[in-house]
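work-v2.cif (mmCIF, C-alpha atoms) appears below.
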```cif
data_data
#
loop_
_atom_site.label_atom_id
_atom_site.label_comp_id
_atom_site.auth_asym_id
_atom_site.auth_seq_id
_atom_site.Cartn_x
_atom_site.Cartn_y
_atom_site.Cartn_z
CA MET A 1 -6.68 -6.46 -24.87
CA PHE A 2 -8.45 -6.20 -21.55
CA TRP A 3 -11.55 -4.43 -22.81
CA ASP A 4 -14.18 -6.77 -24.24
CA PHE A 5 -16.59 -4.76 -26.40
CA GLN A 6 -18.80 -7.66 -27.24
CA TRP A 7 -19.35 -8.49 -23.60
CA THR A 8 -20.03 -4.84 -22.83
CA TRP A 9 -22.69 -4.84 -25.53
CA GLU A 10 -24.25 -8.06 -24.27
CA VAL A 11 -24.71 -6.87 -20.69
CA MET A 12 -25.99 -3.45 -21.73
CA PRO A 13 -29.68 -4.48 -21.36
CA ASP A 14 -28.99 -5.62 -17.79
CA LEU A 15 -27.20 -2.39 -16.96
CA LEU A 16 -30.00 -0.32 -18.49
CA GLN A 17 -32.43 -2.28 -16.35
CA GLY A 18 -30.35 -1.23 -13.34
CA LEU A 19 -30.39 2.36 -14.57
CA LYS A 20 -34.17 2.15 -14.72
CA VAL A 21 -34.34 1.22 -11.04
CA THR A 22 -31.93 4.06 -10.26
CA VAL A 23 -34.07 6.60 -12.11
CA GLN A 24 -37.25 5.25 -10.56
CA ALA A 25 -35.85 5.51 -7.04
CA THR A 26 -34.58 9.02 -7.77
CA LEU A 27 -37.88 10.33 -9.11
CA LEU A 28 -40.11 8.82 -6.42
CA GLY A 29 -37.68 9.85 -3.67
CA TYR A 30 -37.57 13.36 -5.12
CA LEU A 31 -41.34 13.57 -5.01
CA ILE A 32 -41.23 12.78 -1.27
CA ALA A 33 -38.44 15.30 -0.75
CA LEU A 34 -40.37 18.04 -2.56
CA VAL A 35 -43.61 17.53 -0.61
CA LEU A 36 -42.13 16.75 2.81
CA GLY A 37 -39.53 19.52 2.51
CA LEU A 38 -42.26 22.07 1.87
CA GLY A 39 -44.24 20.78 4.84
CA VAL A 40 -41.19 21.06 7.09
CA ALA A 41 -40.36 24.56 5.85
CA MET A 42 -43.91 25.70 6.64
CA LEU A 43 -43.95 23.96 10.03
CA ARG A 44 -40.76 25.76 11.00
CA ARG A 45 -42.73 28.97 11.35
CA VAL A 46 -44.81 27.44 14.16
CA PRO A 47 -43.16 28.40 17.52
CA VAL A 48 -42.24 25.31 19.57
CA LEU A 49 -43.01 22.55 17.10
CA GLY A 50 -40.92 24.35 14.49
CA THR A 51 -37.79 24.27 16.65
CA LEU A 52 -38.31 20.60 17.35
CA VAL A 53 -38.78 19.73 13.68
CA HIS A 54 -35.71 21.77 12.84
CA ALA A 55 -33.59 19.86 15.35
CA VAL A 56 -34.70 16.51 13.93
CA MET A 57 -34.00 17.65 10.38
CA GLU A 58 -30.60 18.97 11.40
CA PHE A 59 -29.77 15.54 12.80
CA ILE A 60 -30.90 13.83 9.59
CA ARG A 61 -28.91 16.29 7.48
CA THR A 62 -25.62 15.90 9.34
CA THR A 63 -25.55 12.10 9.49
CA PRO A 64 -24.71 9.81 6.57
CA LEU A 65 -27.50 8.62 4.30
CA LEU A 66 -25.87 5.20 4.10
CA VAL A 67 -26.16 4.64 7.86
CA GLN A 68 -29.77 5.81 7.82
CA LEU A 69 -30.56 3.39 4.99
CA VAL A 70 -29.01 0.38 6.69
CA PHE A 71 -30.56 1.37 10.02
CA VAL A 72 -34.12 1.70 8.72
CA PHE A 73 -33.78 -1.40 6.56
CA ALA A 74 -32.80 -3.40 9.65
CA LEU A 75 -35.79 -2.05 11.58
CA VAL A 76 -38.70 -2.53 9.18
CA PRO A 77 -40.40 -5.90 8.85
CA SER A 78 -39.23 -8.00 5.92
CA THR A 79 -42.56 -7.57 4.13
CA VAL A 80 -41.47 -4.08 3.10
CA THR A 81 -39.31 -4.26 -0.01
CA ALA A 82 -35.78 -2.87 -0.01
CA LEU A 83 -36.66 -0.52 -2.85
CA THR A 84 -39.51 1.01 -0.83
CA VAL A 85 -37.21 1.55 2.15
CA GLY A 86 -34.62 3.07 -0.16
CA ILE A 87 -37.06 5.48 -1.77
CA VAL A 88 -38.56 6.63 1.54
CA VAL A 89 -35.22 7.10 3.33
CA LEU A 90 -33.75 8.87 0.30
CA GLY A 91 -36.79 11.14 0.18
CA VAL A 92 -36.77 11.95 3.89
CA HIS A 93 -33.01 12.58 3.89
CA TYR A 94 -33.25 15.00 1.01
CA SER A 95 -36.32 16.70 2.46
CA ALA A 96 -33.93 18.04 5.11
CA TYR A 97 -32.13 19.81 2.27
CA THR A 98 -35.17 20.93 0.29
CA ALA A 99 -36.71 22.31 3.51
CA GLU A 100 -33.73 24.69 3.79
CA VAL A 101 -34.18 25.70 0.16
CA TYR A 102 -37.90 26.38 0.62
CA ARG A 103 -37.14 28.27 3.82
CA SER A 104 -34.74 30.61 2.05
CA GLY A 105 -37.42 31.16 -0.58
CA ILE A 106 -40.13 31.85 1.99
CA GLU A 107 -37.87 34.25 3.90
CA GLY A 108 -37.20 36.04 0.64
CA VAL A 109 -40.86 36.99 0.26
CA ALA A 110 -41.26 40.65 1.23
CA LYS A 111 -42.86 41.37 4.59
CA GLY A 112 -45.41 43.62 2.92
CA GLN A 113 -46.84 40.60 1.13
CA TRP A 114 -47.66 38.91 4.45
CA GLU A 115 -49.10 42.13 5.79
CA ALA A 116 -51.24 42.62 2.71
CA ALA A 117 -52.62 39.09 3.07
CA ARG A 118 -53.38 39.85 6.69
CA ALA A 119 -55.03 43.17 5.80
CA LEU A 120 -57.26 41.42 3.29
CA SER A 121 -57.99 38.89 6.07
CA LEU A 122 -57.16 35.99 3.80
CA PRO A 123 -57.42 32.61 5.51
CA ALA A 124 -54.09 30.81 6.14
CA TYR A 125 -54.42 28.47 3.19
CA ARG A 126 -54.96 31.40 0.82
CA THR A 127 -52.06 33.36 2.32
CA TRP A 128 -49.73 30.43 1.69
CA GLY A 129 -51.31 29.10 -1.47
CA ALA A 130 -52.02 32.29 -3.36
CA VAL A 131 -49.51 34.83 -1.99
CA VAL A 132 -46.40 33.40 -0.34
CA LEU A 133 -45.65 30.08 -2.02
CA PRO A 134 -46.05 31.14 -5.66
CA GLN A 135 -43.42 33.83 -5.08
CA ALA A 136 -41.18 31.71 -2.87
CA ILE A 137 -41.09 28.57 -4.99
CA ARG A 138 -40.45 30.32 -8.28
CA LYS A 139 -37.16 31.66 -6.99
CA VAL A 140 -35.88 28.36 -5.65
CA ILE A 141 -36.63 26.14 -8.65
CA PRO A 142 -32.97 25.96 -9.80
CA ALA A 143 -31.77 25.15 -6.28
CA LEU A 144 -34.38 22.39 -6.01
CA GLY A 145 -33.24 21.05 -9.36
CA ASN A 146 -29.68 20.71 -8.11
CA TYR A 147 -30.91 18.37 -5.41
CA LEU A 148 -32.53 16.15 -8.03
CA ILE A 149 -29.09 15.60 -9.55
CA ALA A 150 -27.50 15.16 -6.12
CA MET A 151 -30.11 12.53 -5.28
CA PHE A 152 -29.55 10.70 -8.52
CA LYS A 153 -25.91 10.38 -7.57
CA ASP A 154 -26.74 9.10 -4.10
CA THR A 155 -28.91 6.21 -5.33
CA PRO A 156 -25.95 3.79 -5.68
CA LEU A 157 -25.99 3.70 -1.88
CA LEU A 158 -29.14 1.61 -2.18
CA LEU A 159 -26.94 -1.34 -3.10
CA ALA A 160 -26.08 -1.56 0.60
CA ILE A 161 -29.67 -2.62 1.29
CA THR A 162 -29.82 -5.13 -1.59
CA VAL A 163 -31.61 -2.97 -4.16
CA THR A 164 -30.38 -4.00 -7.60
CA GLU A 165 -29.80 -0.54 -9.01
CA LEU A 166 -27.19 0.33 -11.61
CA LEU A 167 -24.04 -0.17 -9.54
CA ALA A 168 -25.28 -3.36 -7.88
CA MET A 169 -26.24 -4.72 -11.30
CA ALA A 170 -22.76 -3.94 -12.60
CA GLN A 171 -21.27 -5.66 -9.60
CA ARG A 172 -23.36 -8.73 -10.30
CA VAL A 173 -22.72 -9.06 -14.04
CA GLY A 174 -19.09 -7.99 -13.63
CA ASN A 175 -18.36 -10.63 -11.00
CA ASP A 176 -20.08 -13.37 -13.00
CA GLU A 177 -17.69 -13.02 -15.91
CA PHE A 178 -14.83 -11.36 -14.09
CA ARG A 179 -15.13 -8.31 -16.35
CA ILE A 180 -15.04 -5.73 -13.62
CA VAL A 181 -13.22 -2.97 -15.49
CA GLU A 182 -15.86 -2.86 -18.21
CA ALA A 183 -18.77 -3.08 -15.80
CA TYR A 184 -17.73 -0.21 -13.52
CA THR A 185 -16.44 1.98 -16.32
CA VAL A 186 -19.74 1.69 -18.17
CA VAL A 187 -21.56 2.63 -14.96
CA GLY A 188 -19.44 5.77 -14.75
CA PHE A 189 -20.32 6.68 -18.32
CA LEU A 190 -24.02 6.01 -17.79
CA PHE A 191 -23.95 8.34 -14.80
CA LEU A 192 -22.34 11.07 -16.88
CA LEU A 193 -24.85 10.43 -19.64
CA VAL A 194 -27.68 11.32 -17.28
CA SER A 195 -26.10 13.94 -15.03
CA ILE A 196 -24.38 16.17 -17.59
CA PRO A 197 -27.55 16.82 -19.63
CA SER A 198 -29.50 17.36 -16.39
CA ALA A 199 -26.90 19.87 -15.21
CA PHE A 200 -27.33 21.64 -18.55
CA ILE A 201 -31.11 21.81 -18.09
CA ILE A 202 -30.71 23.19 -14.56
CA ARG A 203 -28.45 25.92 -15.88
CA ARG A 204 -31.15 26.85 -18.40
CA LEU A 205 -33.71 26.97 -15.58
CA GLU A 206 -31.37 29.18 -13.58
CA ARG A 207 -31.26 31.69 -16.40
CA ARG A 208 -35.02 31.61 -16.79
CA TYR A 209 -36.01 32.05 -13.14
CA ALA A 210 -34.15 34.67 -11.16
CA ALA A 211 -31.78 32.82 -8.85
CA VAL A 212 -31.97 33.46 -5.12
CA MET B 1 -26.99 3.09 27.78
CA GLU B 2 -24.67 0.57 29.41
CA PHE B 3 -24.51 -1.22 26.10
CA LEU B 4 -23.02 1.85 24.45
CA ILE B 5 -20.69 2.82 27.30
CA GLU B 6 -19.17 -0.65 27.29
CA ARG B 7 -18.53 -0.48 23.58
CA LEU B 8 -17.50 3.16 23.45
CA PRO B 9 -13.79 2.43 22.79
CA LEU B 10 -14.72 0.47 19.65
CA TYR B 11 -16.98 3.26 18.45
CA LEU B 12 -14.30 5.85 19.10
CA GLU B 13 -11.82 3.78 17.13
CA GLY B 14 -14.24 3.74 14.21
CA ALA B 15 -14.89 7.44 14.62
CA TRP B 16 -11.15 8.10 14.55
CA VAL B 17 -10.91 6.34 11.17
CA THR B 18 -13.81 8.45 9.94
CA VAL B 19 -12.07 11.63 11.15
CA GLN B 20 -8.84 10.62 9.40
CA LEU B 21 -10.65 9.89 6.14
CA THR B 22 -12.48 13.20 6.44
CA ALA B 23 -9.29 15.16 7.08
CA GLY B 24 -7.50 13.47 4.17
CA GLY B 25 -10.47 13.98 1.88
CA ILE B 26 -10.80 17.66 2.79
CA ALA B 27 -7.08 18.25 2.22
CA LEU B 28 -7.23 16.65 -1.23
CA ALA B 29 -10.54 18.28 -2.16
CA PHE B 30 -9.23 21.69 -1.07
CA VAL B 31 -6.09 21.49 -3.21
CA LEU B 32 -8.08 20.25 -6.23
CA ALA B 33 -10.79 22.86 -5.75
CA MET B 34 -8.28 25.70 -5.55
CA PHE B 35 -6.27 24.46 -8.53
CA PHE B 36 -9.14 23.76 -10.89
CA GLY B 37 -11.21 26.66 -9.58
CA ILE B 38 -8.46 29.19 -10.32
CA LEU B 39 -7.77 27.47 -13.63
CA GLY B 40 -11.43 28.02 -14.50
CA THR B 41 -11.05 31.79 -14.12
CA ARG B 42 -8.09 32.09 -16.52
CA SER B 43 -8.79 33.70 -19.84
CA GLY B 44 -7.23 30.98 -22.03
CA ARG B 45 -9.47 28.41 -23.68
CA PHE B 46 -7.30 25.45 -22.77
CA PRO B 47 -7.07 25.94 -18.98
CA ARG B 48 -10.81 26.61 -18.84
CA ALA B 49 -11.55 23.45 -20.81
CA VAL B 50 -9.36 21.36 -18.46
CA SER B 51 -11.18 22.79 -15.47
CA THR B 52 -14.63 22.16 -17.00
CA VAL B 53 -13.80 18.55 -17.87
CA TYR B 54 -12.57 17.84 -14.34
CA VAL B 55 -15.61 19.46 -12.74
CA GLU B 56 -18.22 17.84 -14.97
CA VAL B 57 -16.71 14.36 -14.86
CA PHE B 58 -16.12 14.10 -11.12
CA ARG B 59 -19.24 15.99 -10.16
CA GLY B 60 -21.31 13.85 -12.51
CA ILE B 61 -20.25 10.44 -11.15
CA ALA B 62 -21.30 9.29 -7.69
CA ALA B 63 -18.47 9.07 -5.12
CA LEU B 64 -19.40 5.45 -4.52
CA VAL B 65 -18.99 4.59 -8.21
CA ILE B 66 -15.57 6.29 -8.27
CA MET B 67 -14.57 4.38 -5.17
CA PHE B 68 -15.73 1.01 -6.51
CA TRP B 69 -13.86 1.72 -9.70
CA MET B 70 -10.67 2.50 -7.81
CA ALA B 71 -10.99 -0.41 -5.43
CA TYR B 72 -12.03 -3.10 -7.92
CA ALA B 73 -11.48 -2.02 -11.53
CA LEU B 74 -8.17 -0.19 -11.19
CA PRO B 75 -6.19 -3.21 -9.90
CA ILE B 76 -7.32 -5.26 -12.89
CA ALA B 77 -6.78 -2.53 -15.46
CA THR B 78 -3.36 -1.40 -14.23
CA GLY B 79 -2.11 -3.98 -11.75
CA PHE B 80 -1.92 -1.45 -8.91
CA GLN B 81 -3.90 -2.26 -5.80
CA LEU B 82 -4.83 0.83 -3.78
CA GLU B 83 -5.15 0.55 -0.05
CA GLY B 84 -8.83 0.80 0.95
CA ARG B 85 -8.48 4.02 2.92
CA PHE B 86 -6.41 5.62 0.21
CA ALA B 87 -8.98 4.72 -2.46
CA ALA B 88 -11.68 6.20 -0.24
CA ILE B 89 -9.81 9.46 0.29
CA LEU B 90 -9.14 9.74 -3.44
CA ALA B 91 -12.79 9.07 -4.30
CA VAL B 92 -14.38 11.54 -1.88
CA GLY B 93 -11.60 14.09 -2.48
CA LEU B 94 -12.00 14.00 -6.27
CA ASN B 95 -15.79 14.15 -5.99
CA LEU B 96 -16.09 16.99 -3.49
CA GLY B 97 -13.12 18.77 -5.06
CA ALA B 98 -15.18 19.13 -8.22
CA TYR B 99 -18.01 20.79 -6.28
CA GLY B 100 -15.43 22.97 -4.53
CA ALA B 101 -13.83 24.07 -7.80
CA GLU B 102 -17.15 25.54 -8.89
CA VAL B 103 -17.40 27.41 -5.58
CA VAL B 104 -13.88 28.81 -5.95
CA ARG B 105 -14.56 29.87 -9.52
CA GLY B 106 -17.83 31.57 -8.54
CA ALA B 107 -16.28 33.35 -5.54
CA ILE B 108 -13.33 34.68 -7.57
CA ASN B 109 -15.64 35.90 -10.30
CA ALA B 110 -17.79 37.63 -7.68
CA VAL B 111 -14.94 39.85 -6.46
CA PRO B 112 -15.91 43.38 -7.63
CA ARG B 113 -14.39 44.29 -10.97
CA ALA B 114 -13.02 47.56 -9.62
CA GLN B 115 -10.74 45.59 -7.28
CA VAL B 116 -9.19 43.79 -10.22
CA GLU B 117 -8.91 46.99 -12.22
CA ALA B 118 -7.13 48.64 -9.30
CA THR B 119 -4.49 45.88 -9.27
CA VAL B 120 -3.94 46.42 -12.97
CA ALA B 121 -3.55 50.16 -12.37
CA LEU B 122 -0.99 49.39 -9.64
CA ASN B 123 0.92 47.21 -12.09
CA MET B 124 0.64 44.10 -9.93
CA SER B 125 1.58 40.75 -11.39
CA TRP B 126 -1.07 38.03 -11.69
CA SER B 127 0.22 36.20 -8.62
CA GLN B 128 0.30 39.40 -6.55
CA ARG B 129 -3.23 40.22 -7.61
CA MET B 130 -4.47 36.77 -6.61
CA ARG B 131 -2.57 36.52 -3.36
CA LEU B 132 -3.04 40.05 -2.03
CA VAL B 133 -6.38 41.22 -3.38
CA VAL B 134 -8.64 38.63 -5.00
CA LEU B 135 -8.23 35.51 -2.88
CA PRO B 136 -8.61 37.14 0.57
CA GLN B 137 -11.97 38.55 -0.55
CA ALA B 138 -13.08 35.43 -2.36
CA TRP B 139 -12.04 33.35 0.65
CA ALA B 140 -14.62 34.98 2.90
CA GLN B 141 -17.27 34.16 0.37
CA MET B 142 -16.15 30.56 -0.21
CA LEU B 143 -16.04 29.59 3.45
CA PRO B 144 -19.75 29.02 4.21
CA THR B 145 -20.16 26.76 1.17
CA PHE B 146 -16.86 25.03 1.92
CA GLY B 147 -18.27 24.31 5.35
CA ASN B 148 -21.33 22.62 3.88
CA LEU B 149 -19.16 20.67 1.44
CA SER B 150 -16.90 19.49 4.28
CA ILE B 151 -19.92 18.07 6.08
CA GLU B 152 -21.01 16.39 2.83
CA LEU B 153 -17.54 14.90 2.54
CA MET B 154 -17.60 13.64 6.10
CA LYS B 155 -20.94 11.93 5.43
CA ALA B 156 -19.68 10.55 2.13
CA THR B 157 -16.83 8.72 3.90
CA ALA B 158 -19.44 6.35 5.38
CA VAL B 159 -19.43 4.43 2.10
CA VAL B 160 -15.91 3.09 2.76
CA TYR B 161 -17.39 0.30 4.81
CA LEU B 162 -18.69 -1.12 1.53
CA ILE B 163 -15.08 -1.72 0.40
CA GLY B 164 -14.13 -3.13 3.77
CA VAL B 165 -12.59 -0.24 5.69
CA ALA B 166 -13.36 -0.38 9.44
CA ASP B 167 -14.85 3.10 9.90
CA LEU B 168 -17.66 4.20 12.22
CA THR B 169 -20.37 2.70 9.99
CA ALA B 170 -18.54 -0.63 9.86
CA VAL B 171 -18.33 -0.67 13.67
CA ALA B 172 -22.09 -0.06 13.90
CA GLN B 173 -22.71 -2.92 11.48
CA GLN B 174 -20.49 -5.28 13.50
CA MET B 175 -22.29 -4.28 16.69
CA ARG B 176 -25.64 -5.00 15.15
CA GLN B 177 -24.60 -8.36 13.79
CA GLY B 178 -22.82 -9.27 17.02
CA THR B 179 -25.53 -8.27 19.48
CA GLY B 180 -28.79 -7.91 17.55
CA GLU B 181 -29.36 -4.49 19.18
CA THR B 182 -30.19 -2.66 15.95
CA VAL B 183 -31.43 0.61 17.42
CA LEU B 184 -28.61 1.07 19.93
CA ALA B 185 -25.88 -0.01 17.53
CA PHE B 186 -26.90 2.49 14.88
CA MET B 187 -27.93 5.32 17.18
CA GLY B 188 -24.42 5.19 18.69
CA ALA B 189 -22.87 5.72 15.26
CA LEU B 190 -25.38 8.36 14.19
CA VAL B 191 -24.83 10.41 17.35
CA LEU B 192 -21.06 10.30 16.85
CA TYR B 193 -21.45 11.41 13.23
CA TYR B 194 -23.69 14.22 14.43
CA LEU B 195 -21.10 15.32 17.00
CA ILE B 196 -18.29 15.29 14.43
CA ALA B 197 -20.45 17.46 12.16
CA GLN B 198 -21.20 19.92 14.97
CA VAL B 199 -17.50 20.31 15.77
CA MET B 200 -16.81 20.92 12.08
CA ILE B 201 -19.59 23.55 11.91
CA LEU B 202 -18.07 25.40 14.88
CA GLY B 203 -14.63 25.28 13.29
CA ILE B 204 -15.91 26.72 10.03
CA ARG B 205 -17.67 29.56 11.87
CA LEU B 206 -14.41 30.38 13.62
CA LEU B 207 -12.65 30.55 10.24
CA GLU B 208 -15.46 32.63 8.77
CA ARG B 209 -15.27 35.12 11.60
CA ARG B 210 -11.50 35.41 11.22
CA ALA B 211 -11.77 35.94 7.46
CA ASN B 212 -14.40 38.66 7.84
CA ARG B 213 -12.41 40.34 10.59
CA ARG B 214 -9.31 40.46 8.45
CA LEU B 215 -11.30 42.17 5.74
CA GLY B 216 -12.60 44.66 8.32
CA ARG B 217 -16.20 43.54 7.83
CA ILE B 218 -16.87 42.84 11.50
CA PRO B 219 -15.36 44.54 14.58
CA SER B 220 -12.28 42.81 15.96
CA ASP B 221 -13.87 41.78 19.28
CA GLY B 222 -16.78 40.20 17.37
CA GLY B 223 -19.37 38.55 19.61
CA GLY B 224 -17.33 36.27 21.88
CA LEU B 225 -17.37 32.49 21.92
CA LEU B 226 -21.10 32.29 22.47
CA GLY B 227 -21.62 34.17 19.23
CA LEU B 228 -20.31 31.09 17.42
CA LEU B 229 -23.41 29.16 18.37
CA ARG B 230 -25.44 31.28 16.00
CA PRO B 231 -24.80 31.33 12.28
CA PRO B 232 -23.09 34.61 11.26
CA THR B 233 -25.38 35.13 8.29
CA PRO B 234 -28.66 33.41 7.37
CA ALA B 235 -27.30 30.01 6.29
CA ALA B 236 -27.34 29.66 2.53
CA GLY B 237 -28.91 26.45 1.21
CA GLY B 238 -27.17 23.11 1.30
CA GLY B 239 -23.75 22.05 0.09
CA LYS B 240 -24.64 20.38 -3.16
#
```
Please, can you express the file's structure as structure tokens?
Amino acid sequence: MFWDFQWTWEVMPDLLQGLKVTVQATLLGYLIALVLGLGVAMLRRVPVLGTLVHAVMEFIRTTPLLVQLVFVFALVPSTVTALTVGIVVLGVHYSAYTAEVYRSGIEGVAKGQWEAARALSLPAYRTWGAVVLPQAIRKVIPALGNYLIAMFKDTPLLLAITVTELLAMAQRVGNDEFRIVEAYTVVGFLFLLVSIPSAFIIRRLERRYAAV
Amino acid sequence: MEFLIERLPLYLEGAWVTVQLTAGGIALAFVLAMFFGILGTRSGRFPRAVSTVYVEVFRGIAALVIMFWMAYALPIATGFQLEGRFAAILAVGLNLGAYGAEVVRGAINAVPRAQVEATVALNMSWSQRMRLVVLPQAWAQMLPTFGNLSIELMKATAVVYLIGVADLTAVAQQMRQGTGETVLAFMGALVLYYLIAQVMILGIRLLERRANRRLGRIPSDGGGLLGLLRPPTPAAGGGK
């Protein structure tokens, strides 16, 4: 029989260690994507600068994440760890997506709301913070959640820049013992184990907050 | 600049591989999306379950993991060695096909109920209803998201260099290792990827305009070629 259960069981701690790195990179990268994406979406309303930012984001969005990762990793000095590069590039890449999501949310806020804020002569930070964003973000929560799952599934790309995440770990332990079928199959299952429940949670969120 | 012009033929060769992988992946993803998407709208429990399993499994696993599995695990488990490009097309096609199936299912379900009831009143068969009434309307709705997914697929093909296929990314890597010009080597590849994506976006807009025209939603002269440079409707979110 080509499937070795005992071996699978023995390497499980290593694989879970890899999964931990994957989850860590996903969460930290997502944090960057959430904050930066919002910043970009707000900047886009500024006349000239907004167009410029949009063009840059469009370029980031239509070119492969893998190439961006390898590119940036080759540029930064070797004192920066691969994981840091991975998290930042992942976050910036996905901020190009979250910015579009935020934008659709912001555009969905009724014009009267802006006018009311103006009529009350609210300062800019109150207009955004107390009027526009609370309404805009609420509607896009499910869409933002989808990008968390998408990001999780893009983290294996980090193996290209020597981060030992789940897939790279499987590659390592699988090659050591020449048990490649087990290693990669388990990785597939671990991915499903995380992404199917998350998809379920997103669907719950969708029902709770009105979708855009 | 001279650096890139000298090496342009190599880059174009890599870009051509990327285009081929993209075309193959889109063809496979499209067929899978249509098949499993339509299956997901049937009333029977079994067809719906098959569709759900396909979608959840291949949407839940990263394309890179699927590709590694096909390139490295499959030969050991079954004895069949897939050609690198073929494994890549299968991996991205299966992955994006799962996203596409959800889009097809959603678009078919969004066709107004009265349209379906009318086909029942006219005593149309299921295939007539799909072909003549439901799909042409759903098609117009699927297209924008299909466009985003096609771009995702094109970007996803970059991972093939990790299993040793000489695509655009692989060319950039060789250039960097051969010359040490990191910025130029990668910018060349990134710009080509960007151009491929822009051509794809234009193509999708052309298809969108045609679909809407056939449904009588926009006038038949519709805006001219320049009109294609602007999105027809406020672009909806990203692909994923």
Which residues, protein or nucleic acid, reach to within 12 Å of (-21.0, 10.8, -17.1) in the file's coordinates when using all atoms listed in the file, and can you give that as a list of chain:residue names?
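Every residue inside that radius is included here: A:Lys153, A:Thr185, A:Val186, A:Val187, A:Gly188, A:Phe189, A:Leu190, A:Phe191, A:Leu192, A:Leu193, A:Val194, A:Ser195, A:Ile196, A:Pro197, A:Ser198, A:Ala199, B:Val53, B:Tyr54, B:Val55, B:Glu56, B:Val57, B:Phe58, B:Arg59, B:Gly60, B:Ile61, B:Ala62, B:Val65, B:Ile66.
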In terms of the shortest atom-to-atom distance over only C-alpha atoms, which of A:Leu36, A:Arg61, A:Pro47, A:Leu133 is closest to Asn148 of chain B?
A:Arg61
May I have a table of the residues of chain A lying at most 7 Å from chain B, giving each one's closest pair of atoms and their distance in Å to one decimal, counting only C-alpha atoms, ordered by chain and ascending residue number, as JSON lines?
```
{"residue": "A:Phe59", "atom": "CA", "partner": "B:Tyr194", "partner_atom": "CA", "distance": 6.4}
{"residue": "A:Thr62", "atom": "CA", "partner": "B:Tyr194", "partner_atom": "CA", "distance": 5.7}
{"residue": "A:Thr63", "atom": "CA", "partner": "B:Tyr193", "partner_atom": "CA", "distance": 5.6}
{"residue": "A:Pro64", "atom": "CA", "partner": "B:Lys155", "partner_atom": "CA", "distance": 4.5}
{"residue": "A:Leu66", "atom": "CA", "partner": "B:Ala158", "partner_atom": "CA", "distance": 6.7}
{"residue": "A:Val67", "atom": "CA", "partner": "B:Thr169", "partner_atom": "CA", "distance": 6.5}
{"residue": "A:Phe71", "atom": "CA", "partner": "B:Phe186", "partner_atom": "CA", "distance": 6.2}
{"residue": "A:Ala74", "atom": "CA", "partner": "B:Thr182", "partner_atom": "CA", "distance": 6.9}
{"residue": "A:Tyr97", "atom": "CA", "partner": "B:Gly238", "partner_atom": "CA", "distance": 6.0}
{"residue": "A:Glu100", "atom": "CA", "partner": "B:Gly237", "partner_atom": "CA", "distance": 5.7}
{"residue": "A:Val101", "atom": "CA", "partner": "B:Gly237", "partner_atom": "CA", "distance": 5.4}
{"residue": "A:Tyr147", "atom": "CA", "partner": "B:Lys240", "partner_atom": "CA", "distance": 7.0}
{"residue": "A:Ala150", "atom": "CA", "partner": "B:Lys240", "partner_atom": "CA", "distance": 6.6}
{"residue": "A:Lys153", "atom": "CA", "partner": "B:Ala62", "partner_atom": "CA", "distance": 4.7}
{"residue": "A:Asp154", "atom": "CA", "partner": "B:Ala62", "partner_atom": "CA", "distance": 6.5}
{"residue": "A:Pro156", "atom": "CA", "partner": "B:Leu64", "partner_atom": "CA", "distance": 6.9}
{"residue": "A:Ile180", "atom": "CA", "partner": "B:Ala73", "partner_atom": "CA", "distance": 5.6}
{"residue": "A:Val181", "atom": "CA", "partner": "B:Ala73", "partner_atom": "CA", "distance": 4.4}
{"residue": "A:Tyr184", "atom": "CA", "partner": "B:Trp69", "partner_atom": "CA", "distance": 5.8}
{"residue": "A:Gly188", "atom": "CA", "partner": "B:Ile61", "partner_atom": "CA", "distance": 6.0}
{"residue": "A:Phe191", "atom": "CA", "partner": "B:Ile61", "partner_atom": "CA", "distance": 5.6}
{"residue": "A:Leu192", "atom": "CA", "partner": "B:Gly60", "partner_atom": "CA", "distance": 5.3}
{"residue": "A:Ser195", "atom": "CA", "partner": "B:Gly60", "partner_atom": "CA", "distance": 5.4}
{"residue": "A:Ile196", "atom": "CA", "partner": "B:Gly60", "partner_atom": "CA", "distance": 6.4}
```
Determine, counting only C-alpha atoms, every residue of protein, DNA or RNA that lies within 7 Å of (-29.4, -2.0, 4.1) in the file coordinates, then give the result as a list in words.
Leu69, Val70, Phe71, Phe73, Ala74, Ala160, Ile161 and Thr162 of chain A
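Of the residues under consideration (B:Thr179, B:Asp167, B:Arg205, B:Pro47), B:Asp167 shows the shortest atom-to-atom contact distance to Val19 of chain B when counting only C-alpha atoms.
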What does the distance from atom CA of Ile32 of chain A to atom CA of Ile87 of chain A come to in Å, to one decimal?
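Separating atom CA of Ile32 of chain A from atom CA of Ile87 of chain A is a distance of 8.4 Å.
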Write out as a ChimeraX atom specification the residues lying within 8 Å of Val89 of chain A, counting all atoms listed in the file and excluding same-chain residues fewer than 2 positions away.
/A:29,65,68-69,72,85-87,91-93
Just say which residues the PyMOL selection byres ((chain B and resi 91-98) around 6) picks in this file, as a short mmCIF file (atom, residue, chain, number, x, y, z; two decimals) with C-alpha atoms, in the coordinates of the input.
```
data_model
loop_
_atom_site.label_atom_id
_atom_site.label_comp_id
_atom_site.auth_asym_id
_atom_site.auth_seq_id
_atom_site.Cartn_x
_atom_site.Cartn_y
_atom_site.Cartn_z
CA GLY B 25 -10.47 13.98 1.88
CA LEU B 28 -7.23 16.65 -1.23
CA ALA B 29 -10.54 18.28 -2.16
CA LEU B 32 -8.08 20.25 -6.23
CA ALA B 33 -10.79 22.86 -5.75
CA VAL B 55 -15.61 19.46 -12.74
CA PHE B 58 -16.12 14.10 -11.12
CA ARG B 59 -19.24 15.99 -10.16
CA ALA B 63 -18.47 9.07 -5.12
CA ILE B 66 -15.57 6.29 -8.27
CA MET B 67 -14.57 4.38 -5.17
CA ALA B 88 -11.68 6.20 -0.24
CA ILE B 89 -9.81 9.46 0.29
CA LEU B 90 -9.14 9.74 -3.44
CA TYR B 99 -18.01 20.79 -6.28
CA GLY B 100 -15.43 22.97 -4.53
CA ALA B 101 -13.83 24.07 -7.80
#
```
